[in-house]
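Beneath this line is the structure, given in structure tokens, with notes to follow.
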Amino acid sequence: MSTSLAHSQPHRLSAGLALCAAAVCCAMPAAPASAAAPATGTARAAACADSTLIPTSTDLARIAAATLCVINQQRAAAGIPALRSNTALNTAASQHSLDMVAKNYFDHTSPTGSTMLSRLTAVGYIKPNEAWSIGENIAAATGSLATPAAIVTAWMNSPGHRANILDASFKDTGIAAAPGVPKVVGTGPGGTYTEDFGVTT
């Protein structure tokens, strides 16, 4: 049996199946999601190598690249420029995914109080005296639901996650998966994903 959980965090807090989305901005309003967004359903993963892999400790870079590819296919279909990979956001996403598995929680806020804002500040993405807007999607799933294609499909079928993915104001992203899932989600082979979004000026 496969299980799936996702979360996103936009200014429009929302939660769904095992998904969570979040977004916050400072001195810059978040742009609304494009009205030209593609229909919900299966993520377009045909041209993305490795989009059907289940995360293991040996393929995490390939998983991240495949997830970004599928995300950017969704943005292209909506007429939105591709997100560019950002080293600081990749670091924050990786640390959060690993932390959720290690400490057995599934949330944007860790048991020790770390938040999306504190994580992105700690890695140097958010700097003093700069305007910024940030968002975050998280997901955890087992079995075939843990592939990049399945995770992006789940996010695109959830309004808060979809809004983050199709937010044209976001320019940068960091994506990471950790092998395994928090016990609060399930057991068995799978992955715990974090995608951080941002723009700074």
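How things are named: the first chain in the structure tokens is A, the next is B, and so on; residues count from 1 in each chain; ligands count from 1 in the order shown.
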Asp99 in chain A surroundings by only C-alpha atoms, 9 Å radius, close-in-sequence under 6 positions cut, as a JSON list (two decimals) with N, CA and C atoms, in the first residue's frame:
[["chain", "number", "residue", "atom", "x", "y", "z"],
["A", 105, "TYR", "N", 8.25, 14.18, 12.07],
["A", 105, "TYR", "CA", 7.16, 15.18, 12.00],
["A", 105, "TYR", "C", 6.94, 15.54, 10.55],
["A", 110, "SER", "N", 9.45, 23.02, 12.61],
["A", 110, "SER", "CA", 10.04, 21.85, 13.26],
["A", 110, "SER", "C", 9.69, 21.82, 14.74],
["A", 178, "ALA", "N", 14.32, 13.49, 0.85],
["A", 178, "ALA", "CA", 15.05, 12.60, 1.75],
["A", 178, "ALA", "C", 14.45, 11.21, 1.57]]
Ala168 in chain A environment, 6 Å, only C-alpha atoms, sequence neighbours closer than 2 positions dropped, as a ChimeraX atom specification: /A:80,166,170
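Take CA of Gly113 in chain A and CA of Pro189 in chain A: the distance between them is 27.9 Å.
Omitting Pro148 in chain A and its sequence neighbours fewer than 6 positions away, and counting only C-alpha atoms, the residues within 8 Å are A:Asp50, A:Ser51, A:Thr52, A:Leu53, A:Ile54, A:Ile63, A:Ala64, A:Ala66, A:Thr67, A:Val70.
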Saved selection, atoms kept: all heavy atoms, as a CSV table (one decimal), in the first residue's frame:
chain,number,residue,atom,x,y,z
A,50,ASP,N,14.1,10.4,-15.1
A,50,ASP,CA,14.1,10.0,-13.7
A,50,ASP,C,12.8,10.4,-12.9
A,50,ASP,O,12.8,10.3,-11.7
A,50,ASP,CB,15.3,10.5,-12.9
A,50,ASP,CG,16.6,10.0,-13.5
A,50,ASP,OD1,16.7,8.8,-13.9
A,50,ASP,OD2,17.6,10.8,-13.5
A,51,SER,N,11.8,10.8,-13.6
A,51,SER,CA,10.6,11.3,-12.9
A,51,SER,C,9.8,10.2,-12.3
A,51,SER,O,8.8,10.4,-11.6
A,51,SER,CB,9.7,12.1,-13.8
A,51,SER,OG,9.3,11.3,-14.9
A,52,THR,N,10.2,8.9,-12.6
A,52,THR,CA,9.4,7.8,-12.0
A,52,THR,C,10.3,7.0,-10.9
A,52,THR,O,9.9,6.0,-10.5
A,52,THR,CB,9.0,6.8,-13.1
A,52,THR,OG1,10.1,6.3,-13.8
A,52,THR,CG2,8.0,7.4,-14.1
A,53,LEU,N,11.4,7.6,-10.5
A,53,LEU,CA,12.2,7.0,-9.5
A,53,LEU,C,11.6,7.2,-8.1
A,53,LEU,O,11.0,8.3,-7.8
A,53,LEU,CB,13.6,7.6,-9.5
A,53,LEU,CG,14.5,7.3,-10.6
A,53,LEU,CD1,15.9,8.1,-10.5
A,53,LEU,CD2,14.8,5.8,-10.7
A,54,ILE,N,11.8,6.3,-7.2
A,54,ILE,CA,11.5,6.4,-5.8
A,54,ILE,C,12.8,6.8,-5.1
A,54,ILE,O,13.8,6.2,-5.3
A,54,ILE,CB,10.8,5.1,-5.2
A,54,ILE,CG1,9.5,4.9,-5.9
A,54,ILE,CG2,10.7,5.3,-3.7
A,54,ILE,CD1,8.9,3.5,-5.5
A,63,ILE,N,16.6,12.8,-8.3
A,63,ILE,CA,15.2,13.1,-7.9
A,63,ILE,C,15.0,14.6,-7.9
A,63,ILE,O,13.9,15.0,-8.4
A,63,ILE,CB,15.0,12.5,-6.5
A,63,ILE,CG1,15.1,11.0,-6.5
A,63,ILE,CG2,13.6,13.0,-5.9
A,63,ILE,CD1,13.9,10.3,-7.2
A,64,ALA,N,15.9,15.4,-7.4
A,64,ALA,CA,15.7,16.9,-7.3
A,64,ALA,C,15.6,17.4,-8.8
A,64,ALA,O,14.8,18.2,-9.1
A,64,ALA,CB,16.8,17.5,-6.5
A,66,ALA,N,14.8,15.9,-11.5
A,66,ALA,CA,13.5,15.4,-12.2
A,66,ALA,C,12.3,16.2,-11.7
A,66,ALA,O,11.5,16.6,-12.4
A,66,ALA,CB,13.3,13.9,-11.9
A,67,THR,N,12.3,16.5,-10.4
A,67,THR,CA,11.2,17.2,-9.8
A,67,THR,C,11.2,18.7,-10.4
A,67,THR,O,10.1,19.2,-10.8
A,67,THR,CB,11.3,17.3,-8.3
A,67,THR,OG1,11.4,15.9,-7.8
A,67,THR,CG2,10.1,17.9,-7.6
A,70,VAL,N,9.8,18.6,-13.9
A,70,VAL,CA,8.3,18.5,-14.0
A,70,VAL,C,7.7,19.8,-13.5
A,70,VAL,O,6.7,20.2,-14.1
A,70,VAL,CB,7.8,17.3,-13.2
A,70,VAL,CG1,6.3,17.1,-13.2
A,70,VAL,CG2,8.5,16.0,-13.6
Would you give me, as a tab-separated table, each residue of range 175-197 of chain A having an atom within 7 Å of an atom of range 127-147 of chain A, along with its shortest atom pair and that distance in Å to one decimal, using only C-alpha atoms and sorting by chain and residue number?
residue	atom	partner	partner_atom	distance
A:Val181	CA	A:Ala140	CA	5.9
A:Val185	CA	A:Ala140	CA	7.0
A:Gly188	CA	A:Thr142	CA	6.2
A:Pro189	CA	A:Thr142	CA	5.6
A:Gly190	CA	A:Thr142	CA	3.9
A:Gly191	CA	A:Ala146	CA	5.5
A:Thr192	CA	A:Ala140	CA	4.1
A:Tyr193	CA	A:Ala139	CA	5.0
A:Thr194	CA	A:Ile138	CA	4.5
A:Glu195	CA	A:Asn137	CA	5.1
A:Asp196	CA	A:Glu136	CA	4.4
A:Phe197	CA	A:Gly135	CA	4.9
Show which residues sit within 9 Å of Ala82 in chain A, as a PyMOL selection string. Count only C-alpha atoms, and ignore same-chain residues fewer than 5 positions away. chain A and resi 71-73+75-76+171-172
